[in-house]
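Here the structure is laid out as structure tokens; the discussion comes afterwards.
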Amino acid sequence: MSVEAGSGVPAERPDSYVSAALRSPNFMIGATITTLVLLLALVSFVWTPYSYAAQDIPNKLKGLSAAHWFGTDHFGRDILSMIMVGARTSIAVALVAVGVGVVVGVPLGLWAAARRGSLLDEVIMRANDLVFAFPALLIAVLITSVFGPGAVNAIIAIGIFNVPVFARLSRGAALSLWTREFVLAARVAGKGAVRISVEHILPNITNTLVVQVTIQFALGILADAGLAYVGLGAQPPIPSWGKMLADAQTLIGLAPHVAIIPGLAIVLTVLGLNLMGDGLRDIFDPRLRRSRR
Amino acid sequence: MPYLLGRLFSLLLSLVAASVVIFLVIQVIPGDPAQLMLGLNADAATVAALRAQMGLDQPLPLQYLGWVAGMLHGDLGISYTYRVPVTELVNARLGLSVPLAAMALLLTVLIAFPAGILAAARRNSRTDVVVMTTTQLGVAIPNFWFAMLLVLVFAVTLHWFSAGGFPGWNNPALALRSLLLPAIALALPQASILARVMRSALLDTLGEDYIRSARAKGLTRRQVLWRHALRNALIPVLTIIGLQFSFLLAGGIIIENVFFLPGLGRLVFQGITQRDLIVIKSVVMLLVFAVILVNFFVDMSYAAIDPRLRRQR
């Protein structure tokens, strides 16, 4: 299915995506970092240098060494092990939250676009505006005051925040597709709005959605870290990057590495995802590539 | 005028909808606030009396209307834990949170505008690359971690600033000084986003036909940039500033924790740990109200910047 049919710009085939990806430094750097972080998280399921919960008080707040690559925290726990397991938590929270945004937001946006101009469209978009007025942190505060803190609440809070993002994006992208000839042809052929949305609109907005998923994933990692930092995310003993930073705060003068390393983990992960998103955008939209560079 | 009326109507609608959502969410919470306030050993008659006094024995719609009517009169109810009017608690903390958000917004604009304009004007130059790389990094840094690094460098190591706390507004210079590091921490990620938006909005407008006409007419690049491009690039930039205000307010809640600042954020977290629902409800409503209001003003300023919008609707 080619997006560019009839618009004068030759369609890019998937194999040209691969060569474009290889030529995009943003994508290659971003994808490498992201893959490394994912690997780190996956490896932590079967192996970590030490148990993330194992305390060794005599060796607390030790700096970087051969025994403990990233040093130890205030309980003598191995920071590298905690970072690895923490990656799991952060990725899981952010990924599921983005999933919620996509699964709820995209159908809403497509539905609104299929009924554009109707009362339903208006209601969906106004509801989206309303959700947008609640920053993820405030949603988390509300949910936590009802159900108490926990990783699931962080997921719900970030997920709710993601819904209007994907609803707006897919509605906007779908609206312009509904005026195109191939959609008109499908309508003439007697296909209903649902079938057209699934068979013709959705495949054509996938690229846009994939780019947004990487960006929201990065925002999700940041949001999760923030929520965990203020105690609204995953609860101890499960390590999370945000919680590690919260514990490190009072020790920052004494043992800076305890505060610096989890922060670097967050920055690197978010940076990797953002670079990958930028790269994907350039790869998927060759016109943009030409005009921006 | 119809444009303004329409926007005012949808502003009111958003406020009502937001307040209903917040009210209902708080209703879901298990446990009786009156019982919570008096403790488990209180006798039933006292609890019932307090319930009546707090209006908890009324039907939900009436409770909601009572809450809204109270808010309109500046009465947010009595805090369960502090036993003082929530309005007092909130007012005391607004004196910190609002200046902090305002300072952060000002810093954001002061950093982002020059950086974005410079990068766009000297596109693909070394300046552009530096701005783009720095902002890419800035977007990836969690503001609370950046705040901790600022504390490490400027408070713990260099002793230029105190590591936290707020001396109050009796000495404005000292007060501003203690808000400077938190404001910088809040502003950096937002300034990075805004600088990138500014750059790409400017590049978009610089590619327009009327810019080429203006250049053909004999205007210099600089004149075109300041006279034509900037004004037209402001619409997307303003939209983002509007959105950023909500991030600055919400982000302030987290940053206040890093610097031990007695603002709305601290109030909310104390509310959560002490299950002081009326405090949570009030602060969340206040922040959402601020976000909705700011976005309304952003919409209004579109019309001021771009007269076409006024005529269209």
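FYI, nothing fancy with the structure tokens labels: chains A, B, ... in order, residues from 1 per chain, ligands from 1 as they appear.
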
- prompt: Within 8 Å of chain A, which residues of chain B show up when using only C-alpha atoms, listed as a ChimeraX atom specification?
  reply: /B:14,17-18,22,25-26,28-30,124,136-137,139-142,144-145,148-149,152,156-157,246-247,250,254,257-258,272,275,277,280,284,288,291-292

Residue neighbourhood Thr89 in chain A, 8 Å, only C-alpha atoms, exclusion window fewer than 6 positions, as JSON, numbers by chain: {"A": [234, 239, 240]}

Output C-alpha atoms of each residue in that selection to a file, as a short mmCIF file (atom, residue, chain, number, x, y, z; two decimals), in the first residue's frame.
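Contents of the output file part27.cif:
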```
data_model
loop_
_atom_site.label_atom_id
_atom_site.label_comp_id
_atom_site.auth_asym_id
_atom_site.auth_seq_id
_atom_site.Cartn_x
_atom_site.Cartn_y
_atom_site.Cartn_z
CA ALA A 234 6.67 1.20 41.61
CA PRO A 239 13.96 -1.01 42.06
CA SER A 240 13.07 1.80 39.68
#
```

message: Could you list, as an MDAnalysis selection string, every residue within 9 Å of Ala183 in chain B, counting only C-alpha atoms and ignoring same-chain residues fewer than 2 positions away?
response: chainID B and resid 100:105 107 179:181 185:188 252 255

Near-Ala114 in chain A list (9 Å; only C-alpha atoms; drop same-chain fewer than 2 positions) as a VMD selection string: chain A and resid 109 to 112 116 121 171 174 to 175 178 193 to 194 196 to 197

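Put simply, CA of Thr135 in chain B is 15.5 Å away from CA of Ile240 in chain B.
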
- request: Figure out the distance between CA of Ile241 in chain B and CA of Val211 in chain A, please, to one decimal in Å.
  value: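 Distance between the two atoms: 22.8 Å.
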
message: I'd like the contact shell of range 114-120 of chain B - 8 Å cut-off, only C-alpha atoms, skipping same-chain residues fewer than 3 positions apart - returned as a ChimeraX atom specification.
response: /B:110-111,123-125,127-129,131-132,194-200,202-203

- request: Please return as a ChimeraX atom specification: the residues of range 10-208 of chain A that backbone DSSP assigns to helix (DSSP H, G or I).
  value: /A:14-23,25-46,57-59,79-114,119-132,136-147,151-178,181-188,193-208

Can you spit out the residues from that selection as a CSV table (one decimal), in the first residue's frame, using C-alpha atoms?
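What ended up in part.csv:
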```csv
chain,number,residue,atom,x,y,z
A,14,PRO,CA,10.3,-1.3,2.4
A,15,ASP,CA,13.8,-2.3,1.2
A,16,SER,CA,14.6,1.4,0.5
A,17,TYR,CA,13.5,2.0,4.1
A,18,VAL,CA,16.4,-0.3,5.2
A,19,SER,CA,19.0,1.6,3.1
A,20,ALA,CA,17.6,4.9,4.3
A,21,ALA,CA,17.9,3.7,7.9
A,22,LEU,CA,21.5,2.6,7.4
A,23,ARG,CA,22.2,6.1,6.1
A,25,PRO,CA,23.0,8.6,11.8
A,26,ASN,CA,20.1,9.6,14.1
A,27,PHE,CA,18.4,6.3,13.6
A,28,MET,CA,21.5,4.1,13.9
A,29,ILE,CA,22.7,5.8,17.1
A,30,GLY,CA,19.2,5.8,18.6
A,31,ALA,CA,18.5,2.2,17.7
A,32,THR,CA,21.8,1.0,19.0
A,33,ILE,CA,21.2,2.7,22.4
A,34,THR,CA,17.6,1.5,22.6
A,35,THR,CA,18.7,-2.1,21.7
A,36,LEU,CA,21.4,-2.0,24.4
A,37,VAL,CA,19.0,-0.8,27.1
A,38,LEU,CA,16.4,-3.4,26.0
A,39,LEU,CA,19.1,-6.1,26.2
A,40,LEU,CA,20.2,-5.0,29.6
A,41,ALA,CA,16.6,-5.3,30.8
A,42,LEU,CA,16.1,-8.7,29.2
A,43,VAL,CA,19.4,-10.1,30.6
A,44,SER,CA,18.3,-9.0,34.1
A,45,PHE,CA,15.6,-11.7,34.0
A,46,VAL,CA,18.2,-14.4,33.9
A,57,ILE,CA,26.1,-2.7,54.7
A,58,PRO,CA,29.9,-2.8,55.4
A,59,ASN,CA,30.4,-2.0,51.7
A,79,ILE,CA,23.9,-0.3,41.6
A,80,LEU,CA,24.5,-2.0,38.2
A,81,SER,CA,22.1,-4.8,39.2
A,82,MET,CA,19.5,-2.3,40.4
A,83,ILE,CA,19.9,-0.3,37.1
A,84,MET,CA,19.3,-3.5,35.1
A,85,VAL,CA,16.2,-4.5,37.1
A,86,GLY,CA,15.1,-0.9,37.1
A,87,ALA,CA,15.3,-0.8,33.3
A,88,ARG,CA,12.7,-3.6,33.3
A,89,THR,CA,10.3,-1.5,35.5
A,90,SER,CA,10.7,1.7,33.5
A,91,ILE,CA,10.4,0.0,30.1
A,92,ALA,CA,7.4,-2.0,31.2
A,93,VAL,CA,5.5,1.0,32.6
A,94,ALA,CA,6.3,3.2,29.6
A,95,LEU,CA,5.6,0.5,27.0
A,96,VAL,CA,2.2,-0.6,28.5
A,97,ALA,CA,1.2,3.1,29.0
A,98,VAL,CA,1.9,3.8,25.3
A,99,GLY,CA,0.0,0.7,24.5
A,100,VAL,CA,-3.0,2.0,26.3
A,101,GLY,CA,-2.7,5.3,24.4
A,102,VAL,CA,-2.6,3.5,21.1
A,103,VAL,CA,-5.3,0.9,21.8
A,104,VAL,CA,-7.7,3.5,23.1
A,105,GLY,CA,-6.6,6.6,21.2
A,106,VAL,CA,-6.2,5.4,17.7
A,107,PRO,CA,-9.7,3.8,17.3
A,108,LEU,CA,-11.2,7.0,18.8
A,109,GLY,CA,-9.3,9.2,16.4
A,110,LEU,CA,-10.2,7.0,13.4
A,111,TRP,CA,-13.9,6.9,14.5
A,112,ALA,CA,-13.9,10.7,14.9
A,113,ALA,CA,-12.4,11.1,11.4
A,114,ALA,CA,-14.9,8.7,9.8
A,119,LEU,CA,-21.7,15.4,17.1
A,120,LEU,CA,-19.7,12.3,17.8
A,121,ASP,CA,-16.6,13.8,16.4
A,122,GLU,CA,-17.1,16.9,18.5
A,123,VAL,CA,-17.7,14.9,21.7
A,124,ILE,CA,-14.6,12.8,21.2
A,125,MET,CA,-12.4,15.8,20.5
A,126,ARG,CA,-13.7,17.9,23.3
A,127,ALA,CA,-13.3,14.9,25.7
A,128,ASN,CA,-9.7,14.7,24.5
A,129,ASP,CA,-9.2,18.4,25.1
A,130,LEU,CA,-10.5,17.9,28.7
A,131,VAL,CA,-8.0,15.0,29.4
A,132,PHE,CA,-5.3,17.2,28.0
A,136,ALA,CA,0.0,13.1,33.8
A,137,LEU,CA,1.2,13.9,37.3
A,138,LEU,CA,-2.2,15.2,38.4
A,139,ILE,CA,-3.9,12.1,37.0
A,140,ALA,CA,-1.4,10.1,39.0
A,141,VAL,CA,-2.1,12.1,42.1
A,142,LEU,CA,-5.9,11.5,41.7
A,143,ILE,CA,-5.5,7.8,41.0
A,144,THR,CA,-3.0,7.4,43.9
A,145,SER,CA,-5.4,9.1,46.3
A,146,VAL,CA,-8.0,6.5,45.3
A,147,PHE,CA,-6.1,3.3,45.0
A,151,ALA,CA,3.4,0.8,39.2
A,152,VAL,CA,-0.1,0.0,37.8
A,153,ASN,CA,-1.3,3.4,38.8
A,154,ALA,CA,1.7,5.0,37.0
A,155,ILE,CA,0.8,3.0,33.9
A,156,ILE,CA,-2.9,4.1,34.1
A,157,ALA,CA,-1.9,7.8,34.6
A,158,ILE,CA,0.6,7.9,31.8
A,159,GLY,CA,-1.7,5.8,29.6
A,160,ILE,CA,-4.6,8.2,30.1
A,161,PHE,CA,-2.4,11.0,29.2
A,162,ASN,CA,-1.4,9.2,26.0
A,163,VAL,CA,-4.9,8.7,24.8
A,164,PRO,CA,-5.6,12.2,23.5
A,165,VAL,CA,-2.2,12.3,21.9
A,166,PHE,CA,-2.9,9.3,19.7
A,167,ALA,CA,-6.6,10.2,19.1
A,168,ARG,CA,-5.6,13.7,17.8
A,169,LEU,CA,-2.8,12.4,15.7
A,170,SER,CA,-4.8,9.6,14.0
A,171,ARG,CA,-7.8,11.9,13.5
A,172,GLY,CA,-5.7,14.5,11.8
A,173,ALA,CA,-3.8,12.1,9.6
A,174,ALA,CA,-7.0,10.2,8.8
A,175,LEU,CA,-8.9,13.3,7.9
A,176,SER,CA,-6.6,14.1,4.9
A,177,LEU,CA,-6.8,10.5,3.8
A,178,TRP,CA,-10.6,10.5,3.7
A,181,GLU,CA,-9.2,9.0,-4.5
A,182,PHE,CA,-8.3,5.5,-3.2
A,183,VAL,CA,-10.7,6.0,-0.3
A,184,LEU,CA,-13.3,7.3,-2.6
A,185,ALA,CA,-12.9,4.2,-4.8
A,186,ALA,CA,-13.3,2.0,-1.7
A,187,ARG,CA,-16.5,3.8,-0.8
A,188,VAL,CA,-17.8,3.4,-4.3
A,193,ALA,CA,-16.5,3.3,7.3
A,194,VAL,CA,-15.1,0.6,9.7
A,195,ARG,CA,-13.6,-1.5,6.8
A,196,ILE,CA,-12.2,1.6,5.1
A,197,SER,CA,-10.7,2.8,8.4
A,198,VAL,CA,-9.1,-0.6,9.1
A,199,GLU,CA,-8.0,-1.6,5.5
A,200,HIS,CA,-7.1,1.7,4.0
A,201,ILE,CA,-6.7,4.5,6.6
A,202,LEU,CA,-4.8,2.6,9.3
A,203,PRO,CA,-2.1,1.1,7.1
A,204,ASN,CA,-1.4,4.6,5.7
A,205,ILE,CA,-1.0,6.2,9.1
A,206,THR,CA,1.1,3.5,10.6
A,207,ASN,CA,4.4,5.3,9.9
A,208,THR,CA,3.2,8.4,11.6
```

field: Contacts of Leu238 in chain B within 9 Å, only C-alpha atoms, excl. fewer than 5 positions in-chain, as a list of chain:residue names
entry: B:Ala233, B:Leu243, B:Val298, B:Asp299, B:Ser301, B:Tyr302
